[in-house]
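Chemist: Structure provided below as structure tokens; questions to follow.
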Amino acid sequence: MSDQMKAGRRQALKFLAGAPLFPLGAISASSLLTACGGGTDLPAGSVVPVPTFASAEFAPMAAPNLTNAAAMATTTVTSALNVKFSDNSVQTYKLAYQPFFLTGDMVPGTSGANVLAGGYYDINNKPIIDKTVAGKERQFFSDSPDGTSLLSVANPTVTGIKGKAVFAVVQFEYTTWAQDGKTDMYGALPSPIAVLTLDQDQTTGKLSLVKYHNVDTSKVNGLWITCGSSLSPWGTHLSSEEYEPDAFTIASNTMFSAYSTNLYGDATKANPYNYGHLPEVTVNPDGTGTIKKHYCLGRISHELIQVMPDNRTALMGDDATNGALFMFVADKEKDLSSGSLYVAKVGAGFSLDVNAAGAPLSWIKLGSATSAEIEALAKTVKATDIMDVRTSDPADATFTKINYSGKVQWVRLKAGMEKAAAFLETHRYAALMGGSMAFTKMEGTTVNAKDKIAYSALQNMQSSMVRGNAAWSEAHGVTIDKALNAGGILAHTLAGSQKDTKGAAINSEWVATVTKTLLIGEDITADALGNTANPDKIGAPDNLKFSEKLRTLFIGEDSSYHVNNFLWAYNVDTKQLSRVASMPAGAEATGLSVVDDLNGWTYITSNFQHPGDWGSIHKVVQPTLDPLVRANYKDRFAAAVGYLTADIGSVKLNK
């Protein structure tokens with residue numbers, strides 16, 4: 001081959017590495033080159049005219065219905081990705097879904113023996129056994145996989161790889177029922193978290209499971225209800241612990257005592273102050289993982305956080321009623337073990353009108369701490385050491401009335417306990433300090449770095465946001481006149497040179513300064529299928545991830561208002577909202593992550609939880625779909641972990 005021909009091929013390959021490429025089944029690199037004019041039969045001296053990536057848009061799919069009941073009972077993808085180049089040519093990728101496994105499958109472990117995918121383990125790493133059906137005892141496994149990170153590690157040492165080793169970290173939020181179908185297991189088991197070793201085919205981009213490693217969480221006291229997650233800029237998996245257990249009512253919390261029993265074999269051994277924090281998983285080259293828990297990012301209902309490109313600033317949603325927008329600024333880059341915690345105060349102008357200017361945000365500093373010192377406090381202090389709490393008016397001016405978890409409380413801080421309150425009783429302390437504890441179920445957070453805009457999902461806009469509700473307070477600055485069950489997405493403008501409410505500089509260039517509404521759903525009277533939110537708009541958004549290359553905000557739903565929950569793609573430039581995938585009926589869309597370039601390929605991971613979790617909106621479809629869902633997902637005890645790929649049969653490469 002001549003030098004000119006080699007140069008042309010290298011130029012084409014360089015272009016292909018820069019374009020978003022979904023895994024394409026059995027397509028070879030040579031066919032891709034041919035499609036771009038880079039074949040081996042070029043005359044000597046010719047220069048390959050290589051177009052550049054211009055834009056991408058998703059061709060949406062229709063919502064499935066009972067004319068094709070099978071499509072409603074599984075993950076269905078009939079959407080496409082259209083990639084436009086600078087020469088105005090368009091490459092179309094028809095999309096499809098590829099699972100790595102179903103929970104409850106036996107998969108190869110890093111030790112050599114097969115292990116149960118999504119299986120539960122106690123503090124001694126012994127399997128936790130479901131004994132609710134005599135004679136059919138089995139290890140508990142999750143039907144609710146959630147946060148997922150896809151990443152690479154330098155110099156991997158896992159054997160059995162034919163292409164390149166890549167890794168996924170997957171966490172399992174809970175399991176819904178014991179196998180008797182009657183015993184509610186929500187929150188009663190310590191959440192497992194696993195590292196998957198995947199073999200990436202270098203011709204097709206396909207990912208195949210090679211090894212499964214259950215991460216030992218005993219040194220962090222086990223994990224509590226791990227929900228959404230994000231990938232840190234330095235390549236670690238940032239997990240979550242949602243719905244922190246209330247230390248003031250822990251003695252009557254039967255779910256927490258069941259959790260403690262299953263974890264420790266002792267109903268009273270688990271300490272509530274060890275949960276509600278931020279776990280971080282590091283993947284090792286051998287396909288194992290290590291975990292630490294950061295105690296200094298606030299003990300809130302962590303859903304998922306977004307660390308900004310500065311490697312220090314983290315914006316945090318708060319999946320609670322009377323939740324808030326929180327921010328953590330780390331002392332050092334790529335190290336969340338110490339820093340300062342802030343809560344947002346919302347100014348005038350909050351509105352659901354997407355054309356409104358939005359409301360200014362100011363930031364109240366709650367405190368600075370290291371993880372080590374807060375962990376030490378968690379081991380030594382009791383709730384009543386930190387503050388006094390009353391659920392009825394004590395008629396005492398030393399108490400302050402606050403909104404907490406949808407109700408009114410009166411709290412009084414004890415002398416010298418500011419730091420313990422800020423980091424262990426964060427919701428109450430933030431309310432005491434004047435934070436806007438107004439939001440309902442603020443879920444995923446992500447960032448559009450180019451435009452310096454962050455996005456937060458509000459699964460619902462209810463109770464604490466609605467004028468006149470018992471959980472609402474005008475002082476919070478967030479008021480709507482009527483609940484919007486279908487929820488929406490907020491956009492936060494980010495900037496530097498900001499000061500906190502006491503005038504001290506905030507050491508970050510990524511501070512949210514204004515919040516406004518980007519997208520909202522629409523509540524409707526139940527349609528023929530049972531949807532009570534418009535199926536052609538978002539409904540109860542949960543997971544959010546932004547792709548810089550695709551200029552697209554991906555949105556996963558956790559809705560009791562859509563019969564099938566959907567995965568959406570919203571192009572922030574064209575404002576086009578496209579339905580990309582549909583989950584099995586009754587299932588929540590989870591595990592959303594987007595990797596623009598992993599060894600030249602673009603991936604969207606997507607899981608789902610609790611298929612066939614029937615509610616009142618499913619009364620029309622349940623009789624038809626229940627047997628199909630049961631057949632697909634181990635009698636409804638299983639769920640899928642996987643990713644979106646491309647369907648080779650519909651890809652047209654010749655231009």
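Labels for the structure tokens follow display order: chains A, B, ..., residues from 1 in each chain, ligands from 1.
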Hey, what's within 10 Å of Met433 in chain A if we count only C-alpha atoms and toss same-chain stuff fewer than 6 positions away? As a list in words, please?
Modeler: Val343, Lys345, Ile364, Lys365, Leu366 and Ala422 of chain A
Chemist: I need the residues from that last selection saved to file as a compact mmCIF listing (two decimals), in the first residue's frame (with all heavy atoms), if you can.
Modeler:
```txt
# COMPACT_ATOMS: atom_id res chain seq x y z
N VAL A 343 -26.41 24.45 51.02
CA VAL A 343 -27.78 24.22 50.60
C VAL A 343 -28.28 25.47 49.88
O VAL A 343 -27.92 26.59 50.25
CB VAL A 343 -28.70 23.87 51.79
CG1 VAL A 343 -28.81 25.04 52.78
CG2 VAL A 343 -30.08 23.44 51.31
N LYS A 345 -30.79 28.41 48.50
CA LYS A 345 -31.94 29.24 48.84
C LYS A 345 -32.49 29.78 47.52
O LYS A 345 -31.77 30.40 46.74
CB LYS A 345 -31.52 30.41 49.74
CG LYS A 345 -32.63 31.36 50.10
CD LYS A 345 -33.61 30.76 51.09
CE LYS A 345 -34.64 31.79 51.56
NZ LYS A 345 -35.65 31.17 52.44
N ILE A 364 -26.27 28.76 51.15
CA ILE A 364 -26.03 28.82 52.59
C ILE A 364 -25.00 27.75 52.94
O ILE A 364 -25.20 26.56 52.65
CB ILE A 364 -27.33 28.56 53.36
CG1 ILE A 364 -28.39 29.60 53.00
CG2 ILE A 364 -27.08 28.54 54.87
CD1 ILE A 364 -29.79 29.24 53.48
N LYS A 365 -23.90 28.18 53.53
CA LYS A 365 -22.89 27.20 53.93
C LYS A 365 -23.34 26.51 55.22
O LYS A 365 -23.64 27.17 56.22
CB LYS A 365 -21.54 27.87 54.13
CG LYS A 365 -20.42 26.87 54.44
CD LYS A 365 -19.06 27.54 54.52
CE LYS A 365 -17.97 26.51 54.83
NZ LYS A 365 -16.62 27.13 54.88
N LEU A 366 -23.36 25.19 55.17
CA LEU A 366 -23.76 24.41 56.34
C LEU A 366 -22.56 24.00 57.19
O LEU A 366 -22.70 23.78 58.39
CB LEU A 366 -24.53 23.16 55.91
CG LEU A 366 -25.82 23.42 55.12
CD1 LEU A 366 -26.49 22.10 54.75
CD2 LEU A 366 -26.78 24.30 55.91
N ALA A 422 -25.01 19.44 60.86
CA ALA A 422 -24.87 19.72 59.42
C ALA A 422 -24.67 18.46 58.61
O ALA A 422 -25.20 18.34 57.49
CB ALA A 422 -23.71 20.68 59.21
```
Chemist: May I have the residues within 12 Å of range 104-109 of chain A as a VMD selection string, using only C-alpha atoms and disregarding those fewer than 5 positions away in the same chain?
Modeler: chain A and resid 99 114 to 120 138 to 145 158 160 175 194 to 198 208 to 215 286 to 288 633 to 641
Chemist: Taking the DSSP assignment computed from this structure's backbone, write out as number ranges by chain all residues of range 167-404 of chain A that belong to helix (DSSP H, G or I).
Modeler: A: 218-220, 247-252, 254-264, 272-274, 371-380, 383-386
Chemist: Deliver the residues from the most recent selection as a file, using N, CA, C and O atoms, as a short mmCIF file (atom, residue, chain, number, x, y, z; two decimals), in the first residue's frame.
Modeler:
```
data_model
loop_
_atom_site.label_atom_id
_atom_site.label_comp_id
_atom_site.auth_asym_id
_atom_site.auth_seq_id
_atom_site.Cartn_x
_atom_site.Cartn_y
_atom_site.Cartn_z
N SER A 218 -18.47 -4.86 53.63
CA SER A 218 -18.50 -5.01 55.09
C SER A 218 -17.75 -3.89 55.80
O SER A 218 -18.15 -3.46 56.89
N LYS A 219 -16.69 -3.37 55.20
CA LYS A 219 -15.90 -2.33 55.85
C LYS A 219 -16.61 -0.97 55.86
O LYS A 219 -16.19 -0.06 56.57
N VAL A 220 -17.70 -0.84 55.08
CA VAL A 220 -18.48 0.40 55.11
C VAL A 220 -19.87 0.15 55.71
O VAL A 220 -20.82 0.88 55.45
N ALA A 247 -32.99 8.89 62.55
CA ALA A 247 -32.42 8.42 63.81
C ALA A 247 -33.34 8.68 65.00
O ALA A 247 -33.24 8.00 66.03
N PHE A 248 -34.24 9.66 64.89
CA PHE A 248 -35.12 9.99 66.01
C PHE A 248 -36.26 8.98 66.18
O PHE A 248 -36.84 8.88 67.26
N THR A 249 -36.59 8.25 65.12
CA THR A 249 -37.68 7.28 65.20
C THR A 249 -37.20 5.86 64.90
O THR A 249 -38.00 5.00 64.57
N ILE A 250 -35.92 5.64 65.05
CA ILE A 250 -35.34 4.38 64.60
C ILE A 250 -35.86 3.18 65.40
O ILE A 250 -35.95 2.06 64.88
N ALA A 251 -36.22 3.39 66.65
CA ALA A 251 -36.68 2.27 67.47
C ALA A 251 -37.97 1.66 66.94
O ALA A 251 -38.22 0.47 67.16
N SER A 252 -38.77 2.44 66.26
CA SER A 252 -40.04 1.94 65.71
C SER A 252 -39.98 1.64 64.22
O SER A 252 -41.00 1.33 63.61
N THR A 254 -39.49 -0.66 61.59
CA THR A 254 -39.42 -2.10 61.38
C THR A 254 -38.59 -2.47 60.15
O THR A 254 -37.97 -3.53 60.12
N MET A 255 -38.59 -1.61 59.13
CA MET A 255 -37.78 -1.87 57.95
C MET A 255 -36.30 -1.86 58.31
O MET A 255 -35.53 -2.73 57.89
N PHE A 256 -35.89 -0.87 59.12
CA PHE A 256 -34.48 -0.78 59.49
C PHE A 256 -34.07 -1.93 60.41
O PHE A 256 -32.96 -2.45 60.29
N SER A 257 -34.96 -2.36 61.28
CA SER A 257 -34.61 -3.51 62.13
C SER A 257 -34.49 -4.79 61.31
O SER A 257 -33.63 -5.63 61.58
N ALA A 258 -35.32 -4.93 60.25
CA ALA A 258 -35.18 -6.08 59.35
C ALA A 258 -33.87 -6.00 58.59
O ALA A 258 -33.18 -7.02 58.40
N TYR A 259 -33.51 -4.80 58.16
CA TYR A 259 -32.22 -4.58 57.49
C TYR A 259 -31.08 -5.01 58.41
O TYR A 259 -30.17 -5.75 58.00
N SER A 260 -31.11 -4.56 59.65
CA SER A 260 -30.06 -4.89 60.60
C SER A 260 -29.99 -6.39 60.85
O SER A 260 -28.90 -6.98 60.93
N THR A 261 -31.15 -7.03 60.94
CA THR A 261 -31.20 -8.48 61.15
C THR A 261 -30.56 -9.22 59.98
O THR A 261 -29.76 -10.15 60.16
N ASN A 262 -30.92 -8.83 58.76
CA ASN A 262 -30.38 -9.50 57.58
C ASN A 262 -28.89 -9.23 57.38
O ASN A 262 -28.17 -10.09 56.87
N LEU A 263 -28.45 -8.04 57.77
CA LEU A 263 -27.04 -7.70 57.61
C LEU A 263 -26.18 -8.30 58.72
O LEU A 263 -25.16 -8.94 58.45
N TYR A 264 -26.60 -8.08 59.97
CA TYR A 264 -25.77 -8.45 61.12
C TYR A 264 -26.27 -9.68 61.89
O TYR A 264 -25.56 -10.18 62.76
N PRO A 272 -28.13 3.95 62.46
CA PRO A 272 -28.71 4.74 61.37
C PRO A 272 -27.77 5.80 60.82
O PRO A 272 -27.87 6.16 59.63
N TYR A 273 -26.87 6.32 61.63
CA TYR A 273 -25.97 7.37 61.17
C TYR A 273 -24.87 6.85 60.23
O TYR A 273 -24.11 7.64 59.67
N ASN A 274 -24.81 5.53 60.03
CA ASN A 274 -23.88 4.98 59.04
C ASN A 274 -24.47 4.95 57.63
O ASN A 274 -23.79 4.52 56.70
N SER A 371 -14.45 13.42 55.98
CA SER A 371 -15.25 12.22 56.12
C SER A 371 -14.90 11.50 57.42
O SER A 371 -15.78 10.99 58.13
N ALA A 372 -13.61 11.47 57.73
CA ALA A 372 -13.16 10.74 58.92
C ALA A 372 -13.77 11.31 60.20
O ALA A 372 -14.19 10.55 61.09
N GLU A 373 -13.83 12.63 60.31
CA GLU A 373 -14.36 13.19 61.55
C GLU A 373 -15.86 12.99 61.68
O GLU A 373 -16.38 12.77 62.78
N ILE A 374 -16.57 13.01 60.56
CA ILE A 374 -18.02 12.77 60.63
C ILE A 374 -18.29 11.30 60.88
O ILE A 374 -19.22 10.95 61.64
N GLU A 375 -17.50 10.41 60.31
CA GLU A 375 -17.66 8.99 60.61
C GLU A 375 -17.43 8.72 62.09
O GLU A 375 -18.15 7.93 62.71
N ALA A 376 -16.45 9.40 62.67
CA ALA A 376 -16.19 9.24 64.10
C ALA A 376 -17.38 9.74 64.92
O ALA A 376 -17.78 9.11 65.92
N LEU A 377 -17.98 10.87 64.51
CA LEU A 377 -19.17 11.36 65.20
C LEU A 377 -20.32 10.37 65.08
O LEU A 377 -21.07 10.15 66.03
N ALA A 378 -20.47 9.78 63.88
CA ALA A 378 -21.56 8.84 63.66
C ALA A 378 -21.49 7.66 64.62
O ALA A 378 -22.52 7.09 65.00
N LYS A 379 -20.30 7.30 65.00
CA LYS A 379 -20.11 6.15 65.91
C LYS A 379 -20.37 6.51 67.37
O LYS A 379 -20.58 5.61 68.19
N THR A 380 -20.35 7.79 67.69
CA THR A 380 -20.37 8.18 69.10
C THR A 380 -21.59 8.95 69.54
O THR A 380 -21.98 8.89 70.71
N ALA A 383 -28.95 10.74 68.31
CA ALA A 383 -29.77 11.82 67.75
C ALA A 383 -30.08 12.88 68.80
O ALA A 383 -30.01 14.08 68.53
N THR A 384 -30.40 12.43 70.01
CA THR A 384 -30.78 13.38 71.06
C THR A 384 -29.59 14.16 71.61
O THR A 384 -29.79 15.13 72.35
N ASP A 385 -28.37 13.75 71.25
CA ASP A 385 -27.19 14.55 71.60
C ASP A 385 -27.09 15.78 70.70
O ASP A 385 -26.47 16.77 71.08
N ILE A 386 -27.67 15.68 69.50
CA ILE A 386 -27.51 16.72 68.48
C ILE A 386 -28.57 17.80 68.58
O ILE A 386 -28.28 18.99 68.53
#
```
Chemist: I want to know what sits within 10 Å of Ala431 in chain A, based on only C-alpha atoms, with residues of the same chain fewer than 6 positions away left out; could you give that as a PyMOL selection string?
Modeler: chain A and resi 322-324+343+400-404+411+437-438+476
Chemist: Go ahead and dump the residues you just picked, all heavy atoms, as a short mmCIF file (atom, residue, chain, number, x, y, z; two decimals), in the first residue's frame.
Modeler:
```cif
data_model
loop_
_atom_site.label_atom_id
_atom_site.label_comp_id
_atom_site.auth_asym_id
_atom_site.auth_seq_id
_atom_site.Cartn_x
_atom_site.Cartn_y
_atom_site.Cartn_z
N ASN A 322 -39.86 17.69 50.92
CA ASN A 322 -39.12 18.74 51.62
C ASN A 322 -37.62 18.52 51.46
O ASN A 322 -36.84 18.66 52.40
CB ASN A 322 -39.49 18.83 53.10
CG ASN A 322 -40.91 19.31 53.32
OD1 ASN A 322 -41.74 18.58 53.87
ND2 ASN A 322 -41.21 20.53 52.87
N GLY A 323 -37.23 18.17 50.22
CA GLY A 323 -35.81 18.06 49.88
C GLY A 323 -35.30 19.38 49.34
O GLY A 323 -36.05 20.35 49.18
N ALA A 324 -34.01 19.42 49.03
CA ALA A 324 -33.38 20.65 48.58
C ALA A 324 -32.30 20.34 47.56
O ALA A 324 -31.94 19.19 47.34
CB ALA A 324 -32.79 21.42 49.76
N VAL A 343 -26.41 24.45 51.02
CA VAL A 343 -27.78 24.22 50.60
C VAL A 343 -28.28 25.47 49.88
O VAL A 343 -27.92 26.59 50.25
CB VAL A 343 -28.70 23.87 51.79
CG1 VAL A 343 -28.81 25.04 52.78
CG2 VAL A 343 -30.08 23.44 51.31
N THR A 400 -37.56 26.02 66.69
CA THR A 400 -37.87 26.59 65.38
C THR A 400 -38.76 25.63 64.60
O THR A 400 -38.48 24.42 64.53
CB THR A 400 -36.58 26.84 64.57
OG1 THR A 400 -35.76 27.76 65.30
CG2 THR A 400 -36.89 27.43 63.21
N LYS A 401 -39.82 26.15 64.03
CA LYS A 401 -40.73 25.34 63.21
C LYS A 401 -40.10 25.10 61.84
O LYS A 401 -39.65 26.03 61.18
CB LYS A 401 -42.06 26.07 63.06
CG LYS A 401 -43.12 25.31 62.27
CD LYS A 401 -44.40 26.14 62.18
CE LYS A 401 -45.47 25.45 61.36
NZ LYS A 401 -46.71 26.27 61.27
N ILE A 402 -40.06 23.83 61.40
CA ILE A 402 -39.51 23.48 60.10
C ILE A 402 -40.44 22.50 59.39
O ILE A 402 -41.34 21.93 60.00
CB ILE A 402 -38.10 22.84 60.22
CG1 ILE A 402 -38.19 21.46 60.90
CG2 ILE A 402 -37.13 23.76 60.95
CD1 ILE A 402 -36.93 20.62 60.76
N ASN A 403 -40.20 22.32 58.11
CA ASN A 403 -40.85 21.26 57.34
C ASN A 403 -39.87 20.11 57.18
O ASN A 403 -38.72 20.31 56.76
CB ASN A 403 -41.28 21.76 55.97
CG ASN A 403 -42.33 22.85 56.06
OD1 ASN A 403 -42.02 24.03 55.94
ND2 ASN A 403 -43.57 22.44 56.31
N TYR A 404 -40.32 18.91 57.51
CA TYR A 404 -39.44 17.74 57.43
C TYR A 404 -40.24 16.54 56.92
O TYR A 404 -41.23 16.13 57.53
CB TYR A 404 -38.85 17.42 58.81
CG TYR A 404 -38.01 16.17 58.85
CD1 TYR A 404 -36.67 16.20 58.45
CD2 TYR A 404 -38.54 14.95 59.27
CE1 TYR A 404 -35.90 15.05 58.47
CE2 TYR A 404 -37.77 13.80 59.30
CZ TYR A 404 -36.45 13.85 58.90
OH TYR A 404 -35.68 12.71 58.92
N VAL A 411 -37.67 22.08 66.06
CA VAL A 411 -36.34 21.59 66.41
C VAL A 411 -35.57 22.65 67.18
O VAL A 411 -35.78 23.86 67.01
CB VAL A 411 -35.54 21.17 65.16
CG1 VAL A 411 -36.26 20.08 64.40
CG2 VAL A 411 -35.28 22.35 64.24
N MET A 437 -36.19 24.07 51.59
CA MET A 437 -36.55 22.65 51.71
C MET A 437 -37.94 22.47 51.09
O MET A 437 -38.93 22.22 51.77
CB MET A 437 -36.53 22.23 53.18
CG MET A 437 -35.28 22.64 53.93
SD MET A 437 -33.75 22.04 53.15
CE MET A 437 -33.90 20.29 53.42
N ALA A 438 -37.97 22.59 49.78
CA ALA A 438 -39.25 22.75 49.09
C ALA A 438 -39.56 21.67 48.08
O ALA A 438 -40.72 21.47 47.72
CB ALA A 438 -39.26 24.10 48.37
N HIS A 476 -39.87 29.15 51.47
CA HIS A 476 -38.94 28.34 50.69
C HIS A 476 -38.72 28.88 49.28
O HIS A 476 -37.77 28.49 48.60
CB HIS A 476 -39.42 26.89 50.60
CG HIS A 476 -39.39 26.17 51.91
ND1 HIS A 476 -40.24 25.12 52.21
CD2 HIS A 476 -38.63 26.36 53.02
CE1 HIS A 476 -39.98 24.69 53.43
NE2 HIS A 476 -39.02 25.43 53.94
#
```
Chemist: Of the candidates A:Pro627, A:Ala54, A:Arg579, A:Val447, which one gets nearest to Ala80 in chain A if we count only C-alpha atoms?
Modeler: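 Among A:Pro627, A:Ala54, A:Arg579, A:Val447, it is A:Arg579 that comes nearest to Ala80 in chain A.
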Chemist: Extract the full set of strand (DSSP E) residues from range 157-290 of chain A according to DSSP on the backbone, and format it as a ChimeraX atom specification.
Modeler: /A:164-174,193-200,207-214,230-231,237-238,278-283,289-290
Chemist: Could you check which of A:Gln462, A:Asn534, A:Ser55, A:Asn253 is closest to Gly187 in chain A, using only C-alpha atoms?
Modeler: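 Using only C-alpha atoms, Gly187 in chain A sits closest to A:Asn253.
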Chemist: Restricting the calculation to only C-alpha atoms, which member of A:Met308, A:Asn68, A:Ile129, A:Asn284 is positioned closest to Pro156 in chain A?
Modeler: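 When distances to Pro156 in chain A are compared using only C-alpha atoms, the smallest one comes from A:Asn284.
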Chemist: Would you please work out which residue, of A:Tyr121, A:Trp568, A:Trp234, A:Phe58, is nearest to Ala540 in chain A when using only C-alpha atoms?
Modeler: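 Looking at the shortest contact to Ala540 in chain A, the residue is A:Trp568.
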Chemist: Find the residue from A:Gly487, A:Gly600, A:Gly477, A:Pro64 that sits nearest to Lys537 in chain A; use only C-alpha atoms when measuring.
Modeler: A:Gly487
Chemist: Here is a test: counting only C-alpha atoms, which residue of A:Val572, A:Ala505, A:Leu567, A:Ala454 is nearest to Val77 in chain A?
Modeler: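 Counting only C-alpha atoms, the residue closest to Val77 in chain A is A:Leu567.
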Chemist: Enter the distance from CA of Pro285 in chain A to CA of Ala330 in chain A, in Å, rounded to one decimal.
Modeler: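 Straight-line distance from CA of Pro285 in chain A to CA of Ala330 in chain A works out to 26.7 Å.
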Chemist: Using only C-alpha atoms, determine which residues lie at most 9 Å from Ser508 in chain A, disregarding the query and same-chain residues fewer than 6 positions distant; provide the list as a ChimeraX atom specification.
Modeler: /A:310,312-313,329,495-498
Chemist: Rounded to one decimal, what separation in Å do you get between CA of Ala646 in chain A and CA of Met583 in chain A?
Modeler: 17.4 Å
Chemist: Write out as a ChimeraX atom specification which residues come within 7 Å of Gly612 in chain A when counting only C-alpha atoms, dropping same-chain ones fewer than 3 positions away.
Modeler: /A:585-587,626,629,636
Chemist: Excluding same-chain residues fewer than 2 positions from Thr479 in chain A, what lies within 6 Å of it counting only C-alpha atoms, as a PyMOL selection string?
Modeler: chain A and resi 465-467
Chemist: Do you have the CA of Ser392 in chain A-CA of Val408 in chain A distance handy?
Modeler: 8.0 Å
